[in-house]
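Below is one structure, written out as structure tokens, with a few remarks after it.
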Amino acid sequence: MLTELSIKNFAIIDEISFTLSEGLTVLTGETGAGKSIIIDAIKLLAGGRGSIEFVRHGTKKAEIEGLFTIDSKDFAVYRAGEYYGIDIQDEMVVLHRVITAGGKSICRVNGKLVTLAILREFGSLLIDIHSQHETQSLMDADNHIYLLDMYDEKNIVKAKNEYHKLFKKLTTLRKRYRELSENEQEMSQRLDLLQFQFNELEQAELVPNEDTELEEEQLQLANFEQIYKSLQDAYDALYGEQKGLEWLNTANQALQDNRNNDHFIAEKAEEMSNHYFMMEELMYDIRNYSETLQYDPQRLNEIESRLNEINRLKKKYGTTVEEMLEYLAKIEEEMEQITNKDTHLSKLHDEIEEIKKDAYLEAKQLHDLRKRAADSLAKEIHKELNGLYLENASFSVSINTKTEPQSTDFQLHQNGYDYVTFLISTNAGEPSKELNKIASGGELSRIMLALKTIFAKHQGITSVIFDEVDTGVSGRVAQAIAEKINHISEKSQVLCITHLPQVAAMSDTHILINKQEKNHRTYTNIQELSPDRKIDELSRMLTGTKLTDTAKKHAQELLELASAHKEK
């Protein structure tokens with residue numbers, strides 16, 4: 001769960017830091033106090049899109065940091081940490097995001113710099129954010145297949161992975177078939193280009209590692225004088241009268257003469273003898289190597305000319321000789337395919353048909369699994385909707401297919417051949433329609449909560465955040481929504497911005513957000529409410545004006561009802 005949250009120089013927030021607990025935490029306050037700004041900060045922490053507009057005016061950067069505690073080693077975030085080389089110790093993950101006034105974004109996970117995409121991946125494993133805007137994703141039929149698959153992920157994921165492998169291979173083969181099936185003029189032009197490139201590389205007679213070896217030889221010839229002089233100077237210092245080896249021999253002989261008289265001298269005489277023979281061998285190696293050296297200006301010109309030719313080819317065909325040789329083999333294969341196009345097209349067609357059959361089998365298995373999951377999901381959602389006073393609602397999952405043009409075959413796509421749409425009728429006797437054509441704001445909030453209540457059992461998310469998803473409801477529906485949100489908080493930590501006193505009364509922790517002006521600047525403050533202050537805040541939410549004894553009495557009754565519901 002999200003244990004600690006720190007926000008600095010973010011919008012109207014100067015600097016706040018607070019601790020979060022398990023269960024349901026609600027954030028309340030006047031409109032514009034900064035409640036949604038806190039959720040915006042958490043969205044950025046989870047990898048959301050940043051903007052310089054978030055940086056508080058007059059500061060250099062905005063910073064958000066969150067500490068998450070993970071109590072299960074089986075949690076997916078551990079696999080992500082292992083994959084990206086991020087050490088997760090003491091069951092803690094720290095996400096850190098900085099946005100500079102210049103628009104630069106800096107992301108860290110447990111202190112390690114990561115890309116925004118990696119931060120977003122960790123964020124998706126730790127936080128599930130729902131707002132009025134994000135609820136609209138429920139209305140997009142393109143997302144329904146992913147929601148259905150998530151519902152029965154345990155059974156569907158294996159079949160889906162197998163299908164993805166086949167579909168990827170099928171897509172690659174179809175692309176190659178289309179390329180080979182292009183018109184004759186384009187293929188002829190392509191063959192001419194490949195033939196020119198092949199001839200150019202063939203005539204170059206490239207040899208593996210040739211460029212590296214030539215560069216080494218060029219370096220030696222270009223510095224011949226310095227190389228030869230250094231070898232000669234070293235040899236002269238070792239060989240000759242009153243030179244290095246003669247003095248070493250003198251030292252060696254002195255020790256050898258008395259090796260039988262002293263244990264230390266005997267030991268060092270052996271070492272000295274070894275060193276002398278090693279230096280003598282080194283001297284011979286230097287002399288022999290220097291005798292092989294020859295300065296050949298013509299050879300240097302040949303090497304420079306050859307390297308110029310190789311470098312010219314590198315600009316077209318690869319950064320190394322090895323890459324150019326690989327390209328040569330590749331275009332030779334493509335030339336052969338174009339020359340024998342009909343044979344290859346026939347072979348590709350047979351291969352495509354074979355892979356297509358296998359893909360259909362996997363897609364059929366996916367279809368059958370989804371049909372079973374759809375029936376089960378519909379039953380569960382009906383049960384949840386009844387508890388949200390949508391007892392006349394009828395929910396169903398439509399699974400359709402499309403056929404290929406001029407064919408009876410089903411059209412395969414990334415997720416099989418199914419097209420999934422959630423349908424609902426909220427009134428008795430009305431036909432079922434797509435969500436975006438039937439659901440009002442209040443109904444959509446309840447449908448989303450019904451789905452969330454179900455999916456909370458199947459997702460591994462540690463923290464669920466609701467940003468005013470209870471907008472547009474009141475009365476007994478508000479109480480039902482409060483109970484559903486509390487139910488979700490039994491399985492995941494829930495952070496909820498609300499204007500409903502029924503939801504606030506259900507909280508385990510109540511945080512009040514307000515703003516104040518100081519030195520002509522606006523500041524956001526947070527305060528965890530005591531039981532007495534909680535009653536005052538609930539009273540304000542009920543009346544919207546001054547506190548009265550009647551409002552306080554109603555607030556106390558709300559808290560008692562919430563407590564009784566939790567105990568039940």
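Chain lettering (A, B, ...) mirrors the order of the structure tokens, residue numbering begins at 1 for each chain separately, and ligand numbering begins at 1 in order of display.
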Write out as number ranges by chain all residues of region 293-533 of chain A that backbone DSSP assigns to strand (DSSP E).
A: 394-400, 419-425, 433-434, 463-467, 493-497, 509-518, 521-528
I need the residues from that last selection saved to file as a compact mmCIF listing (two decimals), in the first residue's frame (with N, CA and C atoms), if you can.
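Output file part.txt follows:
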```
# COMPACT_ATOMS: atom_id res chain seq x y z
N SER A 394 -30.10 -4.59 -16.58
CA SER A 394 -29.75 -5.87 -17.23
C SER A 394 -28.39 -5.69 -17.89
N PHE A 395 -27.39 -6.45 -17.45
CA PHE A 395 -26.03 -6.34 -17.99
C PHE A 395 -25.69 -7.62 -18.76
N SER A 396 -25.05 -7.45 -19.90
CA SER A 396 -24.61 -8.62 -20.68
C SER A 396 -23.32 -8.28 -21.41
N VAL A 397 -22.62 -9.31 -21.82
CA VAL A 397 -21.37 -9.15 -22.57
C VAL A 397 -21.59 -9.72 -23.96
N SER A 398 -21.48 -8.87 -24.96
CA SER A 398 -21.65 -9.30 -26.34
C SER A 398 -20.29 -9.65 -26.93
N ILE A 399 -20.16 -10.86 -27.46
CA ILE A 399 -18.93 -11.31 -28.11
C ILE A 399 -19.24 -11.59 -29.57
N ASN A 400 -18.78 -10.73 -30.45
CA ASN A 400 -19.05 -10.85 -31.88
C ASN A 400 -17.78 -11.14 -32.67
N TYR A 419 -14.76 -9.58 -30.75
CA TYR A 419 -14.99 -8.16 -30.50
C TYR A 419 -15.98 -8.07 -29.35
N VAL A 420 -15.51 -7.57 -28.20
CA VAL A 420 -16.29 -7.61 -26.96
C VAL A 420 -16.90 -6.25 -26.66
N THR A 421 -18.17 -6.25 -26.32
CA THR A 421 -18.86 -5.01 -25.96
C THR A 421 -19.73 -5.28 -24.73
N PHE A 422 -19.64 -4.36 -23.75
CA PHE A 422 -20.51 -4.45 -22.57
C PHE A 422 -21.83 -3.75 -22.89
N LEU A 423 -22.94 -4.44 -22.66
CA LEU A 423 -24.26 -3.89 -22.93
C LEU A 423 -25.04 -3.79 -21.63
N ILE A 424 -25.90 -2.77 -21.54
CA ILE A 424 -26.69 -2.61 -20.32
C ILE A 424 -28.02 -1.94 -20.64
N SER A 425 -29.02 -2.34 -19.89
CA SER A 425 -30.31 -1.66 -19.88
C SER A 425 -30.60 -1.33 -18.43
N LYS A 433 -28.21 -1.66 -24.59
CA LYS A 433 -27.41 -0.84 -25.50
C LYS A 433 -26.00 -0.69 -24.94
N GLU A 434 -25.11 -0.16 -25.76
CA GLU A 434 -23.74 0.07 -25.30
C GLU A 434 -23.74 1.11 -24.18
N SER A 463 -3.03 -0.15 -4.06
CA SER A 463 -3.75 1.07 -3.70
C SER A 463 -4.73 1.45 -4.81
N VAL A 464 -5.99 1.66 -4.43
CA VAL A 464 -7.03 2.08 -5.37
C VAL A 464 -7.44 3.50 -5.01
N ILE A 465 -7.48 4.36 -6.02
CA ILE A 465 -7.79 5.78 -5.78
C ILE A 465 -9.04 6.17 -6.56
N PHE A 466 -10.02 6.75 -5.87
CA PHE A 466 -11.25 7.24 -6.50
C PHE A 466 -11.28 8.76 -6.39
N ASP A 467 -11.39 9.43 -7.53
CA ASP A 467 -11.43 10.88 -7.56
C ASP A 467 -12.84 11.34 -7.95
N GLN A 493 -5.98 -1.01 -0.17
CA GLN A 493 -6.02 0.33 0.39
C GLN A 493 -6.78 1.25 -0.59
N VAL A 494 -7.68 2.07 -0.08
CA VAL A 494 -8.46 2.97 -0.93
C VAL A 494 -8.27 4.40 -0.46
N LEU A 495 -7.98 5.28 -1.42
CA LEU A 495 -7.89 6.72 -1.18
C LEU A 495 -8.99 7.36 -2.02
N CYS A 496 -9.88 8.14 -1.38
CA CYS A 496 -11.09 8.60 -2.08
C CYS A 496 -11.34 10.08 -1.81
N ILE A 497 -11.47 10.86 -2.89
CA ILE A 497 -11.94 12.23 -2.79
C ILE A 497 -13.45 12.20 -2.94
N THR A 509 -9.80 6.67 7.92
CA THR A 509 -9.00 7.87 8.14
C THR A 509 -9.64 9.01 7.34
N HIS A 510 -9.83 10.15 7.97
CA HIS A 510 -10.45 11.31 7.31
C HIS A 510 -9.44 12.45 7.29
N ILE A 511 -9.10 12.90 6.08
CA ILE A 511 -8.14 14.00 5.92
C ILE A 511 -8.86 15.20 5.33
N LEU A 512 -8.70 16.35 5.97
CA LEU A 512 -9.32 17.59 5.51
C LEU A 512 -8.29 18.40 4.74
N ILE A 513 -8.68 18.85 3.55
CA ILE A 513 -7.82 19.68 2.71
C ILE A 513 -8.38 21.09 2.70
N ASN A 514 -7.57 22.07 2.99
CA ASN A 514 -8.00 23.46 2.88
C ASN A 514 -6.85 24.32 2.36
N LYS A 515 -7.16 25.52 1.98
CA LYS A 515 -6.12 26.42 1.48
C LYS A 515 -6.20 27.76 2.20
N GLN A 516 -5.06 28.42 2.23
CA GLN A 516 -4.99 29.72 2.89
C GLN A 516 -4.02 30.62 2.14
N GLU A 517 -4.13 31.91 2.38
CA GLU A 517 -3.23 32.87 1.75
C GLU A 517 -2.25 33.41 2.78
N LYS A 518 -0.99 33.53 2.35
CA LYS A 518 0.05 34.07 3.22
C LYS A 518 1.06 34.80 2.34
N ARG A 521 0.41 34.65 -1.35
CA ARG A 521 0.54 33.35 -2.02
C ARG A 521 -0.47 32.38 -1.44
N THR A 522 -0.94 31.45 -2.28
CA THR A 522 -1.91 30.46 -1.83
C THR A 522 -1.20 29.17 -1.43
N TYR A 523 -1.59 28.59 -0.30
CA TYR A 523 -0.97 27.36 0.20
C TYR A 523 -2.07 26.34 0.51
N THR A 524 -1.76 25.07 0.22
CA THR A 524 -2.67 23.97 0.56
C THR A 524 -2.19 23.29 1.84
N ASN A 525 -3.12 23.07 2.76
CA ASN A 525 -2.80 22.40 4.02
C ASN A 525 -3.62 21.11 4.14
N ILE A 526 -3.08 20.14 4.87
CA ILE A 526 -3.80 18.90 5.13
C ILE A 526 -3.83 18.65 6.63
N GLN A 527 -4.90 18.01 7.07
CA GLN A 527 -5.04 17.74 8.50
C GLN A 527 -5.85 16.46 8.69
N GLU A 528 -5.29 15.50 9.43
CA GLU A 528 -6.06 14.29 9.77
C GLU A 528 -7.00 14.62 10.91
```
Tell me, which residues of region 317-536 of chain A carry DSSP alpha helix (DSSP H), written as a ChimeraX atom specification?
/A:317,321-339,341-387,435-438,441-455,475-489,501-505,531-536
Closest of A:Asn308, A:Ser21, A:Thr28, A:Asn260 to Leu67 (chain A) - atom-to-atom distances counting only C-alpha atoms:
A:Ser21
Non-local contacts of Gln294 (chain A) (9 Å; only C-alpha atoms; under 2 positions in same chain excluded) as a ChimeraX atom specification:
/A:221,224,290-292,296
Keeping only N, CA and C atoms, write the selected residues to a file as a PDB file, in the first residue's frame.
```pdb
ATOM      1  N   LEU A 221      53.056   1.547 -39.333  1.00  0.00           N
ATOM      2  CA  LEU A 221      53.862   2.151 -40.399  1.00  0.00           C
ATOM      3  C   LEU A 221      53.934   3.667 -40.262  1.00  0.00           C
ATOM      4  N   PHE A 224      56.553   4.372 -37.647  1.00  0.00           N
ATOM      5  CA  PHE A 224      57.686   3.447 -37.741  1.00  0.00           C
ATOM      6  C   PHE A 224      58.927   3.981 -37.037  1.00  0.00           C
ATOM      7  N   SER A 290      62.734  -6.156 -33.771  1.00  0.00           N
ATOM      8  CA  SER A 290      63.192  -4.947 -34.469  1.00  0.00           C
ATOM      9  C   SER A 290      63.790  -5.291 -35.839  1.00  0.00           C
ATOM     10  N   GLU A 291      64.366  -6.499 -35.950  1.00  0.00           N
ATOM     11  CA  GLU A 291      64.957  -6.904 -37.230  1.00  0.00           C
ATOM     12  C   GLU A 291      63.884  -7.236 -38.271  1.00  0.00           C
ATOM     13  N   THR A 292      62.628  -7.536 -37.779  1.00  0.00           N
ATOM     14  CA  THR A 292      61.552  -7.842 -38.737  1.00  0.00           C
ATOM     15  C   THR A 292      60.885  -6.577 -39.281  1.00  0.00           C
ATOM     16  N   ASP A 296      57.854   0.601 -45.287  1.00  0.00           N
ATOM     17  CA  ASP A 296      57.462   0.444 -46.690  1.00  0.00           C
ATOM     18  C   ASP A 296      56.404   1.516 -47.012  1.00  0.00           C
TER      19      ASP A 296
END
```
Report, in Å to a single decimal, how far apart CA of Glu82 (chain A) and CA of Leu116 (chain A) are.
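Result for CA of Leu116 (chain A) versus CA of Glu82 (chain A): 17.7 Å, one decimal.
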Could you pull the residues within 7 Å of region 363-377 of chain A, counting only C-alpha atoms, minus those fewer than 3 positions along the same chain, as a count of residues only?
14
